[in-house]
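I have placed the structure first, in the form of structure tokens, so that the comments after it can refer back to it.
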Amino acid sequence: MKSPLLSMITSALVAFAAAVPASAQINEVPEELVGIDVEQKVGDTLPMDLTFRDDAGEMVRIKDYFGGELPVLVTLNYSACPQLCSVQLNTLIDALRDVDLTPGQDFTMLTVSIDPREQVKTAAQTKASYVERYMRPAAAEGWHFLTGTEANIEAFSTGIGFAYRWVESRQEYAHPPAVVFVTPQGRIARYLASVAYYQPSNLKYSLIEASEGRIGDVVDAIFLWCFAYDPTSNAYVIAMNVLRAGAILMLLAFGWFWLKMRKWELARKASLPTAEVAV
């Protein structure tokens with residue numbers, strides 16, 4: 001039998017639920033954010049012939065940053081972003097400071113503005129502030145901020161799987177905080193689609209894997225042989241290589257043990273009198 005107090009609480013909860021609009025109860029995604037996500041196009045090649053201006057005002061093509069030995073870390077942002085871009089880039093920089101790889105020496109960084117109104121001067125100022133936060137002056141040579149036309153920005157974002165939209169009511173772009181790792185030949189290798197995954201280990205080994213063995217040392221190579229990136233957990237987990245090696249070692253150990261036991265059994269029988277062996 002319910003107590004009067006429990007009945008009162010139950011009735012109050014039912015009344016409250018009835019008063020809440022159905023849309024709020026379902027926790028719907030705001031309309032302006034529908035479709036704003038990352039389509040992971042791992043294995044695809046970036047649109048290499050698109051033209052942009054770099055932070056020095058020079059006209060460049062995307063392919064100018066590829067074809068060498070270094071992997072490329074790509075972000076899509078814009079200088080006038082009121083919050084998300086600064087959170088994303090600051091979090092990225094803070095994590096990269098704990099990685100023993102440097103832009104311009106071990107990898108290249110591209111930050112492509114999604115705002116066609118952004119000027120070269122603004123992009124250069126934004127770059128300078130983030131390089132200062134990075135506290136690695138050498139990064140200035142390896143981190144490039146690009147601005148371009150609306151058509152080229154859209155073509156690049158589509159090619160890399162990055163969805164964004166201008167939200168008129170808020171006067172800002174809605175976009176995801178994705179980092180994309182690209183091989184030296186321009187092939188998309190991996191995505192980190194949330195700032196929660198910007199861990200130094202994730203960044204380092206994603207860059208090393210995207211380099212296709214061109215950067216990193218023996219220890220890094222051993223780590224990548226033993227661990228593989230799991231996109232569902234956004235972390236490196238024990239690779240199938242280790243499981244296979246473990247299974248092989250167990251079989252070898254079992255075979256060695258069986259041979260030792262067999263040898264011992266034959267030796268024991270050989271030491272027994274003939275009559276006892278016959279029995």
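Ordered as shown in the structure tokens, chains take letters A, B, and onward, while each chain numbers its residues from 1 and ligands are numbered from 1 in the order shown.
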
List every residue of range 130-207 of chain A that has an atom at most 12 Å from any atom of range 53-58 of chain A, and for each one report the closest atom pair and its distance in Å to one decimal, counting only C-alpha atoms, with rows sorted by chain and then by increasing residue number, as JSON lines.
{"residue": "A:Ala140", "atom": "CA", "partner": "A:Asp55", "partner_atom": "CA", "distance": 10.4}
{"residue": "A:Glu141", "atom": "CA", "partner": "A:Asp55", "partner_atom": "CA", "distance": 11.0}
{"residue": "A:Gly142", "atom": "CA", "partner": "A:Asp55", "partner_atom": "CA", "distance": 11.8}
{"residue": "A:Trp143", "atom": "CA", "partner": "A:Asp55", "partner_atom": "CA", "distance": 9.6}
{"residue": "A:His144", "atom": "CA", "partner": "A:Asp54", "partner_atom": "CA", "distance": 6.4}
{"residue": "A:Phe145", "atom": "CA", "partner": "A:Asp55", "partner_atom": "CA", "distance": 5.4}
{"residue": "A:Leu146", "atom": "CA", "partner": "A:Asp54", "partner_atom": "CA", "distance": 4.5}
{"residue": "A:Thr147", "atom": "CA", "partner": "A:Arg53", "partner_atom": "CA", "distance": 5.3}
{"residue": "A:Gly148", "atom": "CA", "partner": "A:Arg53", "partner_atom": "CA", "distance": 6.2}
{"residue": "A:Thr149", "atom": "CA", "partner": "A:Arg53", "partner_atom": "CA", "distance": 9.5}
{"residue": "A:Asn152", "atom": "CA", "partner": "A:Arg53", "partner_atom": "CA", "distance": 11.1}
{"residue": "A:Ile153", "atom": "CA", "partner": "A:Arg53", "partner_atom": "CA", "distance": 11.5}

Those residues with N, CA and C atoms, as a PDB file, in the first residue's frame please?
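Resulting contents of result_16.pdb:
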ATOM      1  N   ALA A 140      55.932  28.261 -36.213  1.00  0.00           N
ATOM      2  CA  ALA A 140      55.471  29.290 -37.152  1.00  0.00           C
ATOM      3  C   ALA A 140      55.755  28.912 -38.595  1.00  0.00           C
ATOM      4  N   GLU A 141      56.828  28.152 -38.814  1.00  0.00           N
ATOM      5  CA  GLU A 141      57.188  27.752 -40.179  1.00  0.00           C
ATOM      6  C   GLU A 141      56.369  26.561 -40.666  1.00  0.00           C
ATOM      7  N   GLY A 142      55.796  25.828 -39.745  1.00  0.00           N
ATOM      8  CA  GLY A 142      55.083  24.615 -40.142  1.00  0.00           C
ATOM      9  C   GLY A 142      53.583  24.657 -39.953  1.00  0.00           C
ATOM     10  N   TRP A 143      53.056  25.785 -39.454  1.00  0.00           N
ATOM     11  CA  TRP A 143      51.618  25.926 -39.236  1.00  0.00           C
ATOM     12  C   TRP A 143      51.112  27.012 -40.173  1.00  0.00           C
ATOM     13  N   HIS A 144      50.213  26.662 -41.077  1.00  0.00           N
ATOM     14  CA  HIS A 144      49.745  27.578 -42.114  1.00  0.00           C
ATOM     15  C   HIS A 144      48.249  27.835 -41.947  1.00  0.00           C
ATOM     16  N   PHE A 145      47.871  29.116 -41.924  1.00  0.00           N
ATOM     17  CA  PHE A 145      46.473  29.520 -41.832  1.00  0.00           C
ATOM     18  C   PHE A 145      46.033  29.992 -43.210  1.00  0.00           C
ATOM     19  N   LEU A 146      44.995  29.335 -43.749  1.00  0.00           N
ATOM     20  CA  LEU A 146      44.569  29.611 -45.114  1.00  0.00           C
ATOM     21  C   LEU A 146      43.198  30.274 -45.145  1.00  0.00           C
ATOM     22  N   THR A 147      43.032  31.220 -46.057  1.00  0.00           N
ATOM     23  CA  THR A 147      41.739  31.844 -46.325  1.00  0.00           C
ATOM     24  C   THR A 147      41.416  31.659 -47.796  1.00  0.00           C
ATOM     25  N   GLY A 148      40.116  31.640 -48.125  1.00  0.00           N
ATOM     26  CA  GLY A 148      39.755  31.398 -49.512  1.00  0.00           C
ATOM     27  C   GLY A 148      38.339  31.804 -49.843  1.00  0.00           C
ATOM     28  N   THR A 149      37.940  31.527 -51.068  1.00  0.00           N
ATOM     29  CA  THR A 149      36.591  31.849 -51.519  1.00  0.00           C
ATOM     30  C   THR A 149      35.595  30.849 -50.941  1.00  0.00           C
ATOM     31  N   ASN A 152      35.698  27.457 -52.812  1.00  0.00           N
ATOM     32  CA  ASN A 152      36.835  26.595 -52.494  1.00  0.00           C
ATOM     33  C   ASN A 152      36.762  26.059 -51.067  1.00  0.00           C
ATOM     34  N   ILE A 153      36.257  26.882 -50.156  1.00  0.00           N
ATOM     35  CA  ILE A 153      36.081  26.407 -48.776  1.00  0.00           C
ATOM     36  C   ILE A 153      35.077  25.265 -48.742  1.00  0.00           C
TER      37      ILE A 153
END

> Can you list every residue in range 54-183 of chain A that DSSP puts in helix (DSSP H, G or I), as number ranges by chain?
Replying inline: A: 62-65, 84-96, 120-134, 139-142, 150-160

C-alpha atoms of the current selection, written as a short mmCIF file (atom, residue, chain, number, x, y, z; two decimals), in the first residue's frame:
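Written file, result25.cif:
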data_model
loop_
_atom_site.label_atom_id
_atom_site.label_comp_id
_atom_site.auth_asym_id
_atom_site.auth_seq_id
_atom_site.Cartn_x
_atom_site.Cartn_y
_atom_site.Cartn_z
CA ILE A 62 46.48 22.42 -51.18
CA LYS A 63 48.93 20.13 -52.97
CA ASP A 64 51.76 22.53 -52.05
CA TYR A 65 51.67 21.04 -48.54
CA LEU A 84 34.36 26.80 -30.11
CA CYS A 85 37.37 27.49 -32.35
CA SER A 86 39.40 28.99 -29.53
CA VAL A 87 38.47 26.10 -27.22
CA GLN A 88 39.44 23.61 -29.93
CA LEU A 89 42.76 25.20 -30.88
CA ASN A 90 43.78 25.97 -27.30
CA THR A 91 43.05 22.38 -26.27
CA LEU A 92 44.95 21.11 -29.30
CA ILE A 93 47.97 23.29 -28.55
CA ASP A 94 48.02 22.35 -24.87
CA ALA A 95 48.08 18.66 -25.84
CA LEU A 96 50.68 19.16 -28.59
CA VAL A 120 44.80 37.47 -44.65
CA LYS A 121 45.77 40.03 -42.00
CA THR A 122 43.26 38.57 -39.55
CA ALA A 123 44.45 35.02 -40.23
CA ALA A 124 48.06 36.10 -39.66
CA GLN A 125 47.17 37.70 -36.32
CA THR A 126 45.27 34.60 -35.24
CA LYS A 127 48.22 32.42 -36.18
CA ALA A 128 50.65 34.61 -34.21
CA SER A 129 48.54 34.36 -31.04
CA TYR A 130 48.31 30.57 -31.22
CA VAL A 131 51.99 30.10 -32.04
CA GLU A 132 52.79 32.23 -28.98
CA ARG A 133 50.59 30.01 -26.83
CA TYR A 134 52.28 26.94 -28.34
CA ALA A 139 55.97 26.01 -35.27
CA ALA A 140 55.47 29.29 -37.15
CA GLU A 141 57.19 27.75 -40.18
CA GLY A 142 55.08 24.61 -40.14
CA GLU A 150 33.30 30.37 -50.43
CA ALA A 151 33.35 27.90 -53.33
CA ASN A 152 36.84 26.59 -52.49
CA ILE A 153 36.08 26.41 -48.78
CA GLU A 154 32.96 24.38 -49.48
CA ALA A 155 34.83 22.09 -51.88
CA PHE A 156 37.59 21.49 -49.35
CA SER A 157 35.20 20.89 -46.44
CA THR A 158 33.16 18.46 -48.53
CA GLY A 159 36.31 16.61 -49.58
CA ILE A 160 37.47 16.21 -46.01
#

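Of note, CA of Gly43 in chain A and CA of Ser79 in chain A are spaced 29.4 Å apart.
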
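Atom to atom, CA of Lys41 in chain A and CA of Glu212 in chain A stand 17.8 Å apart.
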
>> One decimal, in Å: what's the spacing between CA of Pro176 in chain A and CA of Tyr191 in chain A?
In response: 11.7 Å

> So which residues touch Gly186 in chain A within 8 Å, counting only C-alpha atoms, skipping near sequence neighbours fewer than 5 positions away, as an NGL selection string?
Replying inline: :A and (45-46 or 48 or 63 or 66-67)

> So which bits of range 30-241 of chain A end up strand (DSSP E) when you DSSP the backbone, as a ChimeraX atom specification?
Replying inline: /A:51-53,59-61,72-77,108-113,143-146,165-167,172-174,179-182,188-192,227-230,235-238

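With distances restricted to only C-alpha atoms, A:Leu76 is the closest residue to Ala174 in chain A from A:Leu207, A:Leu76, A:Ala196, A:Val60.
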
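With only C-alpha atoms as the atoms that count, the residue of A:Tyr173, A:Thr183, A:Val72, A:Gln199 with the shortest distance to Asp98 in chain A is A:Gln199.
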
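Using only C-alpha atoms, the smallest distance between any of A:Val180, A:Leu203, A:Val195, A:Ile114 and Thr102 in chain A comes from A:Leu203.
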